[in-house]
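Undergrad: Dropping in entry-v2.txt, with compact mmCIF, C-alpha atoms.
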# COMPACT_ATOMS: atom_id res chain seq x y z
CA MET A 1 31.49 -1.92 -28.81
CA LYS A 2 29.88 -4.42 -26.55
CA LEU A 3 28.90 -1.64 -24.17
CA ILE A 4 26.94 0.18 -26.85
CA ARG A 5 25.19 -2.90 -28.08
CA ILE A 6 23.99 -3.73 -24.57
CA ARG A 7 21.58 -0.79 -24.75
CA TYR A 8 19.44 -2.63 -27.23
CA THR A 9 19.16 -5.93 -25.43
CA LYS A 10 16.10 -7.05 -23.59
CA TRP A 11 18.09 -7.18 -20.33
CA TYR A 12 18.99 -3.51 -20.56
CA ASN A 13 15.43 -2.49 -21.35
CA ILE A 14 14.12 -4.37 -18.35
CA LEU A 15 16.66 -2.57 -16.16
CA LYS A 16 15.77 0.84 -17.52
CA ASN A 17 12.07 0.16 -17.13
CA GLY A 18 12.31 -0.86 -13.51
CA MET A 19 14.60 1.91 -12.33
CA LYS A 20 13.67 4.91 -14.45
CA THR A 21 10.98 5.07 -17.11
CA ASN A 22 8.53 2.95 -15.19
CA ASN A 23 9.71 3.54 -11.63
CA PRO A 24 6.98 1.94 -9.54
CA VAL A 25 6.63 4.68 -6.92
CA PHE A 26 7.11 7.94 -8.80
CA VAL A 27 5.88 7.21 -12.28
CA ALA A 28 3.31 4.51 -11.82
CA VAL A 29 2.45 5.56 -8.22
CA LEU A 30 2.26 1.99 -6.96
CA GLY A 31 3.17 0.57 -3.58
CA ILE A 32 2.64 3.89 -1.90
CA CYS A 33 1.20 2.68 1.42
CA SER A 34 4.25 0.90 2.68
CA SER A 35 6.72 3.28 1.09
CA LEU A 36 5.23 6.19 3.01
CA ALA A 37 4.63 4.47 6.31
CA ILE A 38 8.01 2.78 6.52
CA SER A 39 10.34 5.49 5.25
CA ASN A 40 10.74 7.48 8.48
CA THR A 41 14.06 5.80 9.27
CA LEU A 42 16.75 4.42 6.97
CA PRO A 43 17.07 0.87 8.43
CA ASN A 44 13.32 0.36 8.08
CA ALA A 45 13.42 1.57 4.49
CA ILE A 46 16.25 -0.77 3.54
CA ALA A 47 14.67 -3.79 5.23
CA MET A 48 11.33 -3.13 3.55
CA GLY A 49 12.97 -2.52 0.18
CA PHE A 50 14.87 -5.79 0.25
CA GLY A 51 11.78 -7.63 1.46
CA VAL A 52 9.75 -6.34 -1.46
CA THR A 53 12.59 -7.06 -3.91
CA PHE A 54 12.85 -10.64 -2.70
CA VAL A 55 9.10 -11.24 -2.88
CA THR A 56 8.78 -9.61 -6.33
CA MET A 57 11.69 -11.60 -7.74
CA PHE A 58 10.57 -15.01 -6.60
CA SER A 59 6.85 -14.56 -7.08
CA SER A 60 7.52 -13.30 -10.63
CA MET A 61 9.71 -16.31 -11.25
CA PHE A 62 7.12 -18.77 -9.95
CA VAL A 63 4.23 -17.10 -11.76
CA SER A 64 6.12 -17.27 -15.04
CA MET A 65 7.23 -20.87 -14.47
CA PHE A 66 3.63 -21.92 -13.92
CA ARG A 67 2.11 -19.52 -16.42
CA ASN A 68 0.96 -22.26 -18.75
CA PHE A 69 -0.91 -24.05 -15.98
CA ILE A 70 -2.68 -21.07 -14.38
CA PRO A 71 -6.29 -20.75 -15.58
CA ALA A 72 -7.05 -17.17 -16.60
CA LYS A 73 -10.04 -16.84 -14.29
CA LEU A 74 -8.19 -18.00 -11.20
CA ARG A 75 -4.95 -16.15 -11.84
CA ILE A 76 -5.43 -13.42 -9.20
CA VAL A 77 -5.99 -15.98 -6.45
CA THR A 78 -3.00 -17.97 -7.67
CA TYR A 79 -0.79 -14.85 -7.54
CA MET A 80 -2.06 -14.18 -4.04
CA ILE A 81 -1.11 -17.63 -2.81
CA ILE A 82 2.36 -17.50 -4.40
CA ILE A 83 3.01 -13.98 -3.12
CA SER A 84 1.82 -14.69 0.41
CA THR A 85 4.04 -17.76 0.62
CA PHE A 86 7.11 -15.64 -0.03
CA THR A 87 5.85 -12.88 2.25
CA ILE A 88 5.58 -15.33 5.14
CA PHE A 89 9.17 -16.32 4.33
CA VAL A 90 10.34 -12.69 4.64
CA GLN A 91 8.29 -12.19 7.79
CA LYS A 92 9.84 -15.21 9.52
CA PHE A 93 13.34 -14.27 8.34
CA LEU A 94 13.08 -10.74 9.79
CA GLN A 95 11.52 -12.09 12.98
CA ALA A 96 14.40 -14.50 13.49
CA TYR A 97 17.42 -12.40 12.50
CA PHE A 98 16.35 -8.74 12.85
CA PRO A 99 13.81 -8.66 15.70
CA ASP A 100 14.19 -4.87 16.25
CA ILE A 101 13.37 -4.04 12.66
CA TYR A 102 10.56 -6.58 12.67
CA ALA A 103 9.05 -4.88 15.72
CA SER A 104 9.15 -1.43 14.15
CA LEU A 105 7.82 -2.59 10.78
CA GLY A 106 4.98 -4.44 12.50
CA ALA A 107 2.02 -5.24 10.33
CA TYR A 108 3.58 -3.64 7.25
CA VAL A 109 5.70 -6.73 6.56
CA GLY A 110 2.51 -8.71 6.01
CA LEU A 111 1.22 -5.96 3.78
CA ILE A 112 3.87 -6.79 1.16
CA ILE A 113 1.16 -9.14 -0.14
CA THR A 114 -1.07 -6.24 -1.09
CA ASN A 115 1.80 -4.11 -2.36
CA CYS A 116 0.63 -3.39 -5.89
CA ILE A 117 4.19 -3.63 -7.27
CA VAL A 118 4.38 -7.37 -6.67
CA MET A 119 0.96 -8.09 -8.13
CA GLY A 120 1.56 -5.54 -10.89
CA ARG A 121 4.75 -7.21 -12.13
CA ALA A 122 3.12 -10.63 -12.00
CA GLU A 123 0.17 -9.44 -14.06
CA ALA A 124 2.01 -7.13 -16.45
CA PHE A 125 5.22 -9.05 -17.06
CA ALA A 126 5.66 -12.47 -15.49
CA ILE A 127 2.50 -14.03 -16.90
CA LYS A 128 3.72 -13.38 -20.47
CA ASN A 129 7.50 -13.86 -20.24
CA PRO A 130 9.96 -16.70 -19.57
CA TRP A 131 11.18 -17.07 -16.01
CA LYS A 132 14.75 -15.82 -16.52
CA TYR A 133 13.49 -12.44 -17.71
CA SER A 134 10.79 -12.35 -15.06
CA ILE A 135 13.24 -12.76 -12.21
CA ILE A 136 15.37 -9.89 -13.54
CA ASP A 137 12.31 -7.72 -14.05
CA GLY A 138 11.19 -8.44 -10.50
CA PHE A 139 14.65 -7.63 -9.18
CA PHE A 140 14.87 -4.24 -10.89
CA SER A 141 11.31 -3.24 -10.05
CA GLY A 142 12.12 -4.05 -6.44
CA MET A 143 15.39 -2.13 -6.66
CA GLY A 144 13.61 0.91 -8.11
CA TYR A 145 11.28 0.76 -5.15
CA THR A 146 14.16 0.38 -2.66
CA PHE A 147 15.94 3.33 -4.24
CA VAL A 148 12.89 5.56 -3.73
CA LEU A 149 12.41 4.37 -0.15
CA VAL A 150 16.03 5.17 0.69
CA LEU A 151 15.74 8.57 -0.98
CA ILE A 152 12.65 9.50 1.05
CA SER A 153 14.04 8.21 4.31
CA ILE A 154 17.34 10.07 3.85
CA ILE A 155 15.31 13.29 3.87
CA ARG A 156 12.89 12.27 6.60
CA GLU A 157 15.15 10.70 9.20
CA PRO A 158 17.43 13.73 9.79
CA LEU A 159 14.48 16.11 9.90
CA ALA A 160 12.30 13.94 12.13
CA PHE A 161 14.90 12.54 14.54
CA GLY A 162 18.12 14.43 13.72
CA THR A 163 19.89 11.17 12.91
CA ILE A 164 20.89 8.92 10.02
CA PHE A 165 21.13 5.21 10.76
CA GLY A 166 20.82 6.15 14.43
CA TYR A 167 23.89 8.46 14.37
CA ARG A 168 23.24 12.09 15.23
CA ILE A 169 24.14 14.32 12.29
CA MET A 170 22.16 17.47 12.99
CA PRO A 171 23.62 20.15 15.34
CA GLU A 172 22.67 19.85 19.01
CA ASN A 173 20.30 22.81 19.02
CA PHE A 174 18.34 21.62 15.98
CA THR A 175 14.64 21.37 16.71
CA VAL A 176 13.28 18.16 15.20
CA TRP A 177 10.24 18.42 12.94
CA ALA A 178 7.88 16.01 14.65
CA SER A 179 5.42 16.04 11.75
CA MET A 180 8.17 14.75 9.40
CA GLY A 181 8.09 11.44 11.26
CA THR A 182 4.33 11.10 10.82
CA ALA A 183 2.06 10.64 7.84
CA SER A 184 1.80 14.29 6.82
CA GLY A 185 5.56 14.70 6.38
CA ALA A 186 5.66 11.62 4.19
CA PHE A 187 2.84 12.94 1.99
CA PHE A 188 4.53 16.31 1.52
CA ILE A 189 7.92 14.79 0.66
CA VAL A 190 6.47 12.40 -1.93
CA GLY A 191 4.27 15.13 -3.41
CA LEU A 192 7.24 17.46 -3.83
CA MET A 193 9.42 14.65 -5.22
CA ILE A 194 6.86 13.77 -7.87
CA TRP A 195 6.60 17.45 -8.77
CA LEU A 196 10.40 17.73 -9.18
CA LEU A 197 10.60 14.49 -11.16
CA ARG A 198 7.80 15.51 -13.51
CA ASN A 199 9.47 18.86 -14.18
CA TRP A 200 12.83 17.21 -14.71
CA ALA A 201 11.49 14.51 -17.02
CA LYS A 202 9.10 16.96 -18.71
CA SER A 203 6.33 14.40 -18.46
CA TYR A 204 3.13 15.98 -17.28
CA GLU A 205 -0.31 14.53 -16.82
CA GLU A 206 -3.63 16.18 -17.50
CA ALA A 207 -5.64 17.44 -14.51
CA MET Y 1 -16.92 1.61 23.02
CA LEU Y 2 -18.28 4.79 21.40
CA ASP Y 3 -15.07 6.72 22.03
CA PHE Y 4 -13.08 3.81 20.61
CA PHE Y 5 -15.28 3.95 17.50
CA ILE Y 6 -14.88 7.71 17.08
CA SER Y 7 -11.13 7.55 17.65
CA THR Y 8 -10.73 4.95 14.88
CA ILE Y 9 -12.57 7.30 12.52
CA LEU Y 10 -10.93 10.59 13.43
CA SER Y 11 -7.78 10.61 15.54
CA ASN Y 12 -6.54 7.21 14.31
CA ASN Y 13 -7.85 7.55 10.77
CA ILE Y 14 -6.46 4.55 8.92
CA ALA Y 15 -5.71 6.43 5.70
CA LEU Y 16 -4.28 9.62 7.15
CA THR Y 17 -2.27 8.36 10.14
CA LEU Y 18 -1.34 4.80 9.17
CA ILE Y 19 -1.17 5.53 5.42
CA LEU Y 20 -3.10 2.46 4.32
CA GLY Y 21 -5.12 1.93 1.16
CA MET Y 22 -3.29 4.64 -0.77
CA CYS Y 23 -3.32 3.08 -4.26
CA PRO Y 24 -7.13 3.09 -4.68
CA LEU Y 25 -7.39 6.35 -2.74
CA ILE Y 26 -5.21 8.07 -5.32
CA ALA Y 27 -6.56 6.27 -8.37
CA ILE Y 28 -10.30 6.62 -7.70
CA SER Y 29 -10.51 10.02 -6.01
CA THR Y 30 -11.03 12.01 -9.21
CA ASN Y 31 -14.71 12.60 -8.50
CA VAL Y 32 -16.93 12.34 -5.44
CA LYS Y 33 -19.41 9.87 -6.90
CA ASN Y 34 -16.83 7.19 -7.68
CA ALA Y 35 -15.00 7.87 -4.44
CA ARG Y 36 -18.20 7.30 -2.46
CA GLY Y 37 -18.91 4.07 -4.34
CA MET Y 38 -15.44 2.73 -3.65
CA GLY Y 39 -15.63 3.85 -0.02
CA ILE Y 40 -18.94 2.11 0.64
CA ALA Y 41 -17.70 -1.08 -1.01
CA VAL Y 42 -14.63 -0.96 1.25
CA VAL Y 43 -16.79 -0.50 4.36
CA ILE Y 44 -18.81 -3.61 3.48
CA VAL Y 45 -15.84 -5.82 2.60
CA VAL Y 46 -13.61 -4.74 5.51
CA THR Y 47 -16.30 -5.29 8.13
CA LEU Y 48 -17.37 -8.61 6.65
CA THR Y 49 -13.84 -10.01 6.30
CA ALA Y 50 -12.81 -8.97 9.80
CA VAL Y 51 -15.90 -10.66 11.25
CA ILE Y 52 -15.15 -13.84 9.27
CA ASN Y 53 -11.40 -13.79 9.86
CA TYR Y 54 -11.71 -13.47 13.64
CA PRO Y 55 -13.17 -16.97 14.29
CA ILE Y 56 -10.86 -18.44 11.65
CA TYR Y 57 -7.88 -16.98 13.49
CA GLN Y 58 -9.11 -18.51 16.76
CA LEU Y 59 -9.22 -21.86 14.95
CA LEU Y 60 -5.62 -21.34 13.80
CA VAL Y 61 -4.61 -20.54 17.38
CA LEU Y 62 -6.28 -23.75 18.57
CA THR Y 63 -4.46 -25.87 16.02
CA GLY Y 64 -1.17 -24.01 16.54
CA THR Y 65 -0.79 -22.90 12.92
CA THR Y 66 -0.73 -19.11 13.39
CA ASP Y 67 2.27 -18.94 11.02
CA LEU Y 68 -0.18 -19.44 8.20
CA SER Y 69 -2.46 -16.59 9.27
CA LEU Y 70 -1.40 -14.30 6.42
CA LEU Y 71 -2.11 -16.93 3.79
CA THR Y 72 -5.48 -17.77 5.37
CA PHE Y 73 -6.55 -14.14 5.66
CA ILE Y 74 -5.76 -13.35 2.05
CA ILE Y 75 -7.64 -16.39 0.80
CA THR Y 76 -10.65 -15.47 2.95
CA ILE Y 77 -10.57 -11.94 1.59
CA ALA Y 78 -10.35 -13.10 -2.02
CA ALA Y 79 -13.18 -15.58 -1.41
CA VAL Y 80 -15.45 -13.03 0.30
CA VAL Y 81 -14.94 -10.54 -2.51
CA GLN Y 82 -15.66 -13.20 -5.14
CA VAL Y 83 -18.80 -14.49 -3.39
CA LEU Y 84 -20.07 -10.96 -2.77
CA GLU Y 85 -19.59 -10.16 -6.44
CA ILE Y 86 -21.52 -13.24 -7.57
CA LEU Y 87 -24.35 -12.69 -5.07
CA LEU Y 88 -24.74 -9.02 -5.93
CA GLU Y 89 -24.74 -9.74 -9.65
CA LYS Y 90 -27.44 -12.39 -9.21
CA TYR Y 91 -29.78 -10.85 -6.64
CA ILE Y 92 -29.26 -7.08 -6.51
CA PRO Y 93 -28.21 -6.09 -10.05
CA SER Y 94 -28.81 -2.37 -9.43
CA LEU Y 95 -26.34 -2.38 -6.55
CA TYR Y 96 -23.96 -4.49 -8.62
CA SER Y 97 -23.91 -1.96 -11.41
CA ALA Y 98 -23.15 0.77 -8.87
CA PHE Y 99 -20.45 -1.00 -6.80
CA GLY Y 100 -19.53 -4.02 -8.90
CA VAL Y 101 -16.59 -2.42 -10.69
CA TYR Y 102 -14.89 -1.60 -7.38
CA LEU Y 103 -15.17 -5.06 -5.87
CA PRO Y 104 -12.26 -6.84 -7.62
CA LEU Y 105 -10.01 -3.89 -6.78
CA ILE Y 106 -10.66 -4.34 -3.09
CA THR Y 107 -8.70 -7.58 -2.85
CA VAL Y 108 -5.52 -5.57 -3.24
CA ASN Y 109 -6.63 -2.74 -0.94
CA CYS Y 110 -4.29 -3.02 1.99
CA VAL Y 111 -6.90 -1.70 4.46
CA VAL Y 112 -8.67 -5.06 4.31
CA LEU Y 113 -5.61 -7.16 5.15
CA ALA Y 114 -4.29 -4.58 7.62
CA VAL Y 115 -7.47 -4.62 9.70
CA SER Y 116 -7.27 -8.41 9.90
CA GLN Y 117 -3.64 -8.14 10.99
CA PHE Y 118 -4.27 -5.46 13.58
CA PHE Y 119 -6.77 -7.50 15.54
CA VAL Y 120 -4.02 -10.10 15.90
CA THR Y 121 -1.19 -7.75 16.87
CA ARG Y 122 -3.37 -5.60 19.14
CA ASP Y 123 -5.22 -8.49 20.81
CA TYR Y 124 -8.75 -7.24 20.20
CA ASN Y 125 -11.76 -9.32 21.26
CA PHE Y 126 -14.64 -9.98 18.90
CA THR Y 127 -16.69 -6.82 19.64
CA GLU Y 128 -13.60 -4.64 19.50
CA THR Y 129 -12.62 -6.23 16.18
CA THR Y 130 -16.04 -5.52 14.69
CA VAL Y 131 -16.09 -1.92 15.91
CA PHE Y 132 -12.50 -1.37 14.82
CA ALA Y 133 -13.14 -2.79 11.35
CA PHE Y 134 -16.29 -0.72 10.84
CA GLY Y 135 -14.75 2.45 12.29
CA SER Y 136 -11.54 2.33 10.31
CA SER Y 137 -13.30 1.61 7.04
CA VAL Y 138 -15.69 4.53 7.66
CA GLY Y 139 -12.58 6.63 8.33
CA TRP Y 140 -11.18 5.54 4.98
CA LEU Y 141 -14.49 6.44 3.28
CA LEU Y 142 -14.28 9.88 4.91
CA ALA Y 143 -10.71 10.38 3.69
CA ILE Y 144 -11.36 9.35 0.08
CA VAL Y 145 -14.52 11.52 -0.17
CA LEU Y 146 -12.68 14.53 1.30
CA VAL Y 147 -9.79 14.15 -1.15
CA ALA Y 148 -12.17 13.66 -4.08
CA ALA Y 149 -14.19 16.75 -3.14
CA ILE Y 150 -11.05 18.89 -2.97
CA ARG Y 151 -9.78 17.47 -6.27
CA GLU Y 152 -13.08 18.17 -8.00
CA LYS Y 153 -12.92 21.82 -6.99
CA LEU Y 154 -9.24 22.05 -7.89
CA THR Y 155 -9.73 20.85 -11.44
CA VAL Y 156 -12.28 23.62 -11.97
CA TYR Y 157 -10.81 26.56 -10.04
CA GLY Y 158 -7.22 25.55 -9.40
CA ASP Y 159 -4.41 27.09 -11.43
CA LEU Y 160 -1.66 24.62 -10.67
CA PRO Y 161 1.91 24.43 -11.98
CA LYS Y 162 2.11 21.78 -14.69
CA GLY Y 163 4.24 19.37 -12.71
CA LEU Y 164 1.90 19.42 -9.72
CA ARG Y 165 -1.17 18.37 -11.73
CA GLY Y 166 -2.46 14.86 -11.33
CA ARG Y 167 -0.94 12.79 -8.59
CA ALA Y 168 1.53 15.21 -7.06
CA ILE Y 169 -1.19 17.55 -5.81
CA VAL Y 170 -3.08 14.60 -4.30
CA PHE Y 171 -0.14 14.00 -2.00
CA ILE Y 172 -0.06 17.66 -0.97
CA ILE Y 173 -3.82 17.53 -0.26
CA LEU Y 174 -3.31 14.34 1.76
CA GLY Y 175 -0.47 15.96 3.69
CA ILE Y 176 -2.60 18.94 4.66
CA LEU Y 177 -5.52 16.67 5.59
CA ALA Y 178 -3.20 14.52 7.70
CA LEU Y 179 -1.96 17.61 9.53
CA ALA Y 180 -5.55 18.68 10.13
CA PHE Y 181 -6.55 15.23 11.37
CA SER Y 182 -3.61 15.14 13.78
CA GLY Y 183 -5.47 17.93 15.56
CA PHE Y 184 -8.07 15.35 16.58
CA ALA Y 185 -5.41 13.60 18.67
CA GLY Y 186 -6.26 15.93 21.55
CA LEU Y 187 -9.92 14.85 21.59
CA SER Y 188 -11.08 13.18 24.76
CA PHE Y 189 -14.50 11.93 25.70
Now, as a test, write the supplied structure out as structure tokens.
TA:
Amino acid sequence: MKLIRIRYTKWYNILKNGMKTNNPVFVAVLGICSSLAISNTLPNAIAMGFGVTFVTMFSSMFVSMFRNFIPAKLRIVTYMIIISTFTIFVQKFLQAYFPDIYASLGAYVGLIITNCIVMGRAEAFAIKNPWKYSIIDGFFSGMGYTFVLVLISIIREPLAFGTIFGYRIMPENFTVWASMGTASGAFFIVGLMIWLLRNWAKSYEEA
Amino acid sequence: MLDFFISTILSNNIALTLILGMCPLIAISTNVKNARGMGIAVVIVVTLTAVINYPIYQLLVLTGTTDLSLLTFIITIAAVVQVLEILLEKYIPSLYSAFGVYLPLITVNCVVLAVSQFFVTRDYNFTETTVFAFGSSVGWLLAIVLVAAIREKLTVYGDLPKGLRGRAIVFIILGILALAFSGFAGLSF
């Protein structure tokens, strides 16, 4: 009985929103820059996904904890400062413990600040809700984003390099699709994925 | 310097090879007029912030606080956008009514922050930074206008499957454009 009742709680709705109905990449088309640029290999995608999840969680929490003190006119700048503090945290963490990944992500780690998902959750959810819900909302939005990144990179890495996680999985005589590793491959994959998702969910948009 | 400038516009186009500034590119590319407005606003803000951020970064290097560069850059960008908005509204209202709506959106355009980060990671000097900032923002303007022009035609003449309408087709357009622009990689001057 408890399992059925959980569907109607606020916690469950937040989960469903972040992962499915309001998935940041496919449905709302947010945070595209980094998700396309980073998703050519799986380790990059996972590192970026967790980075964004961490920043979204804690910046949502802080924004909602301070929401009564943030003047409405200065809220964007306040979000920026909170978000960039946590982004610097992620940047230094990767630099110290995963230098290889840090080198291949390069400037994109810093660009978590301008990832619209983080700012979007702060503005749409955290500023109006208590901190315990905000942290969960941030976590699931970040997880929805990570899920998409992993999905894209699972398609791109074998086609572009013939490997997954650095292990060769394609046959020896497979010719790698060089364009899959670059921007154009990323655009095509995301375009096709949105198409499939829209058909599957039967949610179309006009023009 | 000229070939560096042209390569930042064409063969290293910031939108189509580095995939930066996608959110506004997708949201505002429904017609050419708005796309051009947004593009021009981006050119102004990117160039201005890079020119301001460069000396500030040198100051951070002098004081040994480069760890804070991200925080400093983003505050500079937010401040420049805010000041530009106020100045335009006060002194050039006609320009404000044309570009004003795009200005607040620019703070979260990753091109602006990315350009400021690239002059750090790529060790550009001041002239190179200025040329790079101007060139890459002009490249972004080119990309958004191209996408908007194709979209405008598509909404009139295109007979697309339902699921492809809207954002999905923008990605396909971008993919084809990116393939075309990768042809510029062979250019040499």
Undergrad: Residues of chain Y no more than 8 Å from chain A, counting only C-alpha atoms: send them over as a ChimeraX atom specification.
TA: /Y:16-23,67-68,70-71,74-75,78,107-110,113-114,117-118,121,155,162-172,174-179
Undergrad: Would you save the residues of that selection, restricted to C-alpha atoms, as a PDB file, in the frame of the given file?
TA:
ATOM      1  CA  LEU Y  16      -4.280   9.620   7.150  1.00  0.00           C
ATOM      2  CA  THR Y  17      -2.270   8.360  10.140  1.00  0.00           C
ATOM      3  CA  LEU Y  18      -1.340   4.800   9.170  1.00  0.00           C
ATOM      4  CA  ILE Y  19      -1.170   5.530   5.420  1.00  0.00           C
ATOM      5  CA  LEU Y  20      -3.100   2.460   4.320  1.00  0.00           C
ATOM      6  CA  GLY Y  21      -5.120   1.930   1.160  1.00  0.00           C
ATOM      7  CA  MET Y  22      -3.290   4.640  -0.770  1.00  0.00           C
ATOM      8  CA  CYS Y  23      -3.320   3.080  -4.260  1.00  0.00           C
ATOM      9  CA  ASP Y  67       2.270 -18.940  11.020  1.00  0.00           C
ATOM     10  CA  LEU Y  68      -0.180 -19.440   8.200  1.00  0.00           C
ATOM     11  CA  LEU Y  70      -1.400 -14.300   6.420  1.00  0.00           C
ATOM     12  CA  LEU Y  71      -2.110 -16.930   3.790  1.00  0.00           C
ATOM     13  CA  ILE Y  74      -5.760 -13.350   2.050  1.00  0.00           C
ATOM     14  CA  ILE Y  75      -7.640 -16.390   0.800  1.00  0.00           C
ATOM     15  CA  ALA Y  78     -10.350 -13.100  -2.020  1.00  0.00           C
ATOM     16  CA  THR Y 107      -8.700  -7.580  -2.850  1.00  0.00           C
ATOM     17  CA  VAL Y 108      -5.520  -5.570  -3.240  1.00  0.00           C
ATOM     18  CA  ASN Y 109      -6.630  -2.740  -0.940  1.00  0.00           C
ATOM     19  CA  CYS Y 110      -4.290  -3.020   1.990  1.00  0.00           C
ATOM     20  CA  LEU Y 113      -5.610  -7.160   5.150  1.00  0.00           C
ATOM     21  CA  ALA Y 114      -4.290  -4.580   7.620  1.00  0.00           C
ATOM     22  CA  GLN Y 117      -3.640  -8.140  10.990  1.00  0.00           C
ATOM     23  CA  PHE Y 118      -4.270  -5.460  13.580  1.00  0.00           C
ATOM     24  CA  THR Y 121      -1.190  -7.750  16.870  1.00  0.00           C
ATOM     25  CA  THR Y 155      -9.730  20.850 -11.440  1.00  0.00           C
ATOM     26  CA  LYS Y 162       2.110  21.780 -14.690  1.00  0.00           C
ATOM     27  CA  GLY Y 163       4.240  19.370 -12.710  1.00  0.00           C
ATOM     28  CA  LEU Y 164       1.900  19.420  -9.720  1.00  0.00           C
ATOM     29  CA  ARG Y 165      -1.170  18.370 -11.730  1.00  0.00           C
ATOM     30  CA  GLY Y 166      -2.460  14.860 -11.330  1.00  0.00           C
ATOM     31  CA  ARG Y 167      -0.940  12.790  -8.590  1.00  0.00           C
ATOM     32  CA  ALA Y 168       1.530  15.210  -7.060  1.00  0.00           C
ATOM     33  CA  ILE Y 169      -1.190  17.550  -5.810  1.00  0.00           C
ATOM     34  CA  VAL Y 170      -3.080  14.600  -4.300  1.00  0.00           C
ATOM     35  CA  PHE Y 171      -0.140  14.000  -2.000  1.00  0.00           C
ATOM     36  CA  ILE Y 172      -0.060  17.660  -0.970  1.00  0.00           C
ATOM     37  CA  LEU Y 174      -3.310  14.340   1.760  1.00  0.00           C
ATOM     38  CA  GLY Y 175      -0.470  15.960   3.690  1.00  0.00           C
ATOM     39  CA  ILE Y 176      -2.600  18.940   4.660  1.00  0.00           C
ATOM     40  CA  LEU Y 177      -5.520  16.670   5.590  1.00  0.00           C
ATOM     41  CA  ALA Y 178      -3.200  14.520   7.700  1.00  0.00           C
ATOM     42  CA  LEU Y 179      -1.960  17.610   9.530  1.00  0.00           C
TER      43      LEU Y 179
END
Undergrad: Rounded to one decimal place, report the atom CA of A:Arg168-atom CA of A:Phe50 distance in Å.
TA: 24.8 Å
Undergrad: Separation of atom CA of Y:Tyr157 and atom CA of Y:Ser29, in Å?
TA: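 Here the two named atoms are 17.0 Å from each other.
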Undergrad: Neighbours of Y:Arg151 within 9 Å (only C-alpha atoms; same-chain residues fewer than 2 positions away dropped), as a list in words?
TA: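 Neighbouring residues, sequence-local ones excluded: Ser29, Thr30, Asn31, Val32, Leu146, Val147, Ala148, Ala149, Lys153, Leu154, Thr155, Val156, Ile169, Val170 and Ile173 of chain Y.
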Undergrad: For atom CA of A:Asn13 and atom CA of Y:Ala27, determine how far apart the two atoms are, in Å to one decimal place.
TA: 27.0 Å
Undergrad: Which of these residues is nearest to Y:Val80, using all atoms listed in the file: Y:Ser116, Y:Asn125, Y:Asn34, Y:Asn53?
TA: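 Among Y:Ser116, Y:Asn125, Y:Asn34, Y:Asn53, it is Y:Asn53 that comes nearest to Y:Val80.
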Undergrad: Of the residues A:Val52, A:Ile14, A:Ile127, A:Ala96, which is the one nearest to A:Ala72, using all atoms listed in the file?
TA: A:Ile127
